[in-house]
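Shown next: run13.cif, given as mmCIF, C-alpha atoms.
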```cif
data_target
loop_
_atom_site.group_PDB
_atom_site.id
_atom_site.type_symbol
_atom_site.label_atom_id
_atom_site.label_comp_id
_atom_site.auth_asym_id
_atom_site.auth_seq_id
_atom_site.Cartn_x
_atom_site.Cartn_y
_atom_site.Cartn_z
ATOM 1 C CA MET A 1 14.558 11.932 -27.306
ATOM 2 C CA ASN A 2 12.675 14.882 -25.871
ATOM 3 C CA ILE A 3 9.588 14.640 -23.666
ATOM 4 C CA GLN A 4 7.123 15.263 -26.511
ATOM 5 C CA ALA A 5 8.669 12.502 -28.604
ATOM 6 C CA LYS A 6 8.490 10.116 -25.650
ATOM 7 C CA LYS A 7 4.814 10.952 -25.126
ATOM 8 C CA LEU A 8 4.051 10.351 -28.801
ATOM 9 C CA GLU A 9 5.883 7.014 -28.735
ATOM 10 C CA ILE A 10 3.956 5.907 -25.650
ATOM 11 C CA MET A 11 0.674 6.987 -27.222
ATOM 12 C CA ARG A 12 1.519 4.994 -30.352
ATOM 13 C CA LEU A 13 2.251 1.904 -28.260
ATOM 14 C CA ILE A 14 -0.995 2.306 -26.321
ATOM 15 C CA LEU A 15 -3.048 2.708 -29.501
ATOM 16 C CA GLU A 16 -1.465 -0.366 -31.078
ATOM 17 C CA THR A 17 -1.858 -2.733 -28.132
ATOM 18 C CA GLU A 18 -4.748 -5.154 -27.868
ATOM 19 C CA ASN A 19 -3.663 -6.401 -24.451
ATOM 20 C CA PRO A 20 -6.237 -5.363 -21.823
ATOM 21 C CA SER A 21 -3.869 -6.035 -18.919
ATOM 22 C CA ILE A 22 -1.344 -3.560 -20.303
ATOM 23 C CA LEU A 23 -4.061 -0.944 -20.659
ATOM 24 C CA GLU A 24 -5.311 -1.610 -17.131
ATOM 25 C CA SER A 25 -1.767 -1.293 -15.776
ATOM 26 C CA ILE A 26 -1.308 2.034 -17.518
ATOM 27 C CA LYS A 27 -4.653 3.228 -16.208
ATOM 28 C CA ASN A 28 -3.660 2.231 -12.668
ATOM 29 C CA ILE A 29 -0.470 4.251 -12.923
ATOM 30 C CA PHE A 30 -2.569 7.379 -13.328
ATOM 31 C CA SER A 31 -5.206 6.509 -10.773
ATOM 32 C CA LYS A 32 -5.197 6.398 -6.996
ATOM 33 C CA LYS A 33 -5.409 2.614 -7.192
ATOM 34 C CA SER A 34 -1.733 2.520 -8.035
ATOM 35 C CA GLN A 35 -0.764 4.074 -4.712
ATOM 36 C CA ILE A 36 0.569 1.411 -2.410
ATOM 37 C CA ASP A 37 -1.462 0.888 0.725
ATOM 38 C CA PHE A 38 0.926 0.952 3.674
ATOM 39 C CA TRP A 39 -0.593 -2.314 4.933
ATOM 40 C CA GLU A 40 0.402 -4.114 1.741
ATOM 41 C CA ALA A 41 3.961 -2.838 2.129
ATOM 42 C CA LEU A 42 4.372 -4.316 5.632
ATOM 43 C CA PRO A 43 6.138 -7.648 6.109
ATOM 44 C CA GLN A 44 3.817 -10.459 7.195
ATOM 45 C CA GLY A 45 5.431 -10.633 10.649
ATOM 46 C CA GLU A 46 4.562 -7.011 11.345
ATOM 47 C CA LYS A 47 1.005 -7.521 10.080
ATOM 48 C CA ASP A 48 0.627 -10.512 12.393
ATOM 49 C CA GLY A 49 1.852 -8.478 15.370
ATOM 50 C CA ILE A 50 -0.546 -5.638 14.658
ATOM 51 C CA LEU A 51 -3.480 -8.006 14.217
ATOM 52 C CA GLN A 52 -2.562 -9.755 17.473
ATOM 53 C CA GLY A 53 -2.486 -6.398 19.257
ATOM 54 C CA ILE A 54 -5.913 -5.482 17.902
ATOM 55 C CA LYS A 55 -7.243 -8.858 19.028
ATOM 56 C CA GLU A 56 -5.856 -8.306 22.531
ATOM 57 C CA ILE A 57 -7.416 -4.838 22.728
ATOM 58 C CA ASN A 58 -10.775 -6.199 21.592
ATOM 59 C CA ASN A 59 -10.529 -8.887 24.287
ATOM 60 C CA GLY A 60 -9.866 -6.265 26.957
ATOM 61 C CA GLU A 61 -6.274 -7.407 27.456
ATOM 62 C CA ILE A 62 -4.917 -3.927 28.020
ATOM 63 C CA VAL A 63 -2.758 -2.204 30.615
ATOM 64 C CA ASP A 64 -3.355 1.352 31.751
ATOM 65 C CA TYR A 65 -0.510 3.607 30.632
ATOM 66 C CA GLU A 66 -0.052 5.237 34.049
ATOM 67 C CA GLU A 67 0.058 1.836 35.789
ATOM 68 C CA PHE A 68 2.650 0.619 33.295
ATOM 69 C CA ILE A 69 4.837 3.703 33.776
ATOM 70 C CA LYS A 70 4.661 3.482 37.584
ATOM 71 C CA LYS A 71 6.084 -0.052 37.456
ATOM 72 C CA HIS A 72 8.976 0.969 35.214
ATOM 73 C CA ARG A 73 10.175 4.157 36.863
#
```
Could I get this file's structure written as structure tokens?
Amino acid sequence: MNIQAKKLEIMRLILETENPSILESIKNIFSKKSQIDFWEALPQGEKDGILQGIKEINNGEIVDYEEFIKKHR
């Protein structure tokens, strides 16, 4: 089946469907909404670690880079 025939078959299926969720899914494929946000792709453990780090920064629990490097040279 060539590309034009595939397109016509897909168009036929779209025109015949009455299922709104199928239509929404197809629409999302062609929109930016379908792009996966990197955050959603992260495992929960990594998300938790990042959120903990942000919390620590917001609480002022930080170490100066130069001070850290001096201790580990």
What gap, in Å, lies between CA of Ile10 (chain A) and CA of Phe30 (chain A)? 14.0 Å
Could you please determine the separation between CA of Ile69 (chain A) and CA of Ile54 (chain A) in Å, to one decimal place?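 Separation of CA of Ile69 (chain A) and CA of Ile54 (chain A): 21.3 Å.
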Edge lengths and centre, in Å to one decimal, as AutoDock Vina command-line options: that's what I need for the box along x, y and z that holds all listed atoms of region 46-64 of chain A plus 3 Å on each side.
```
--center_x -3.1 --center_y -4.6 --center_z 20.9 --size_x 21.3 --size_y 17.9 --size_z 27.7
```
Rounded to one decimal, what separation in Å do you get between CA of Trp39 (chain A) and CA of Ser21 (chain A)? 24.4 Å
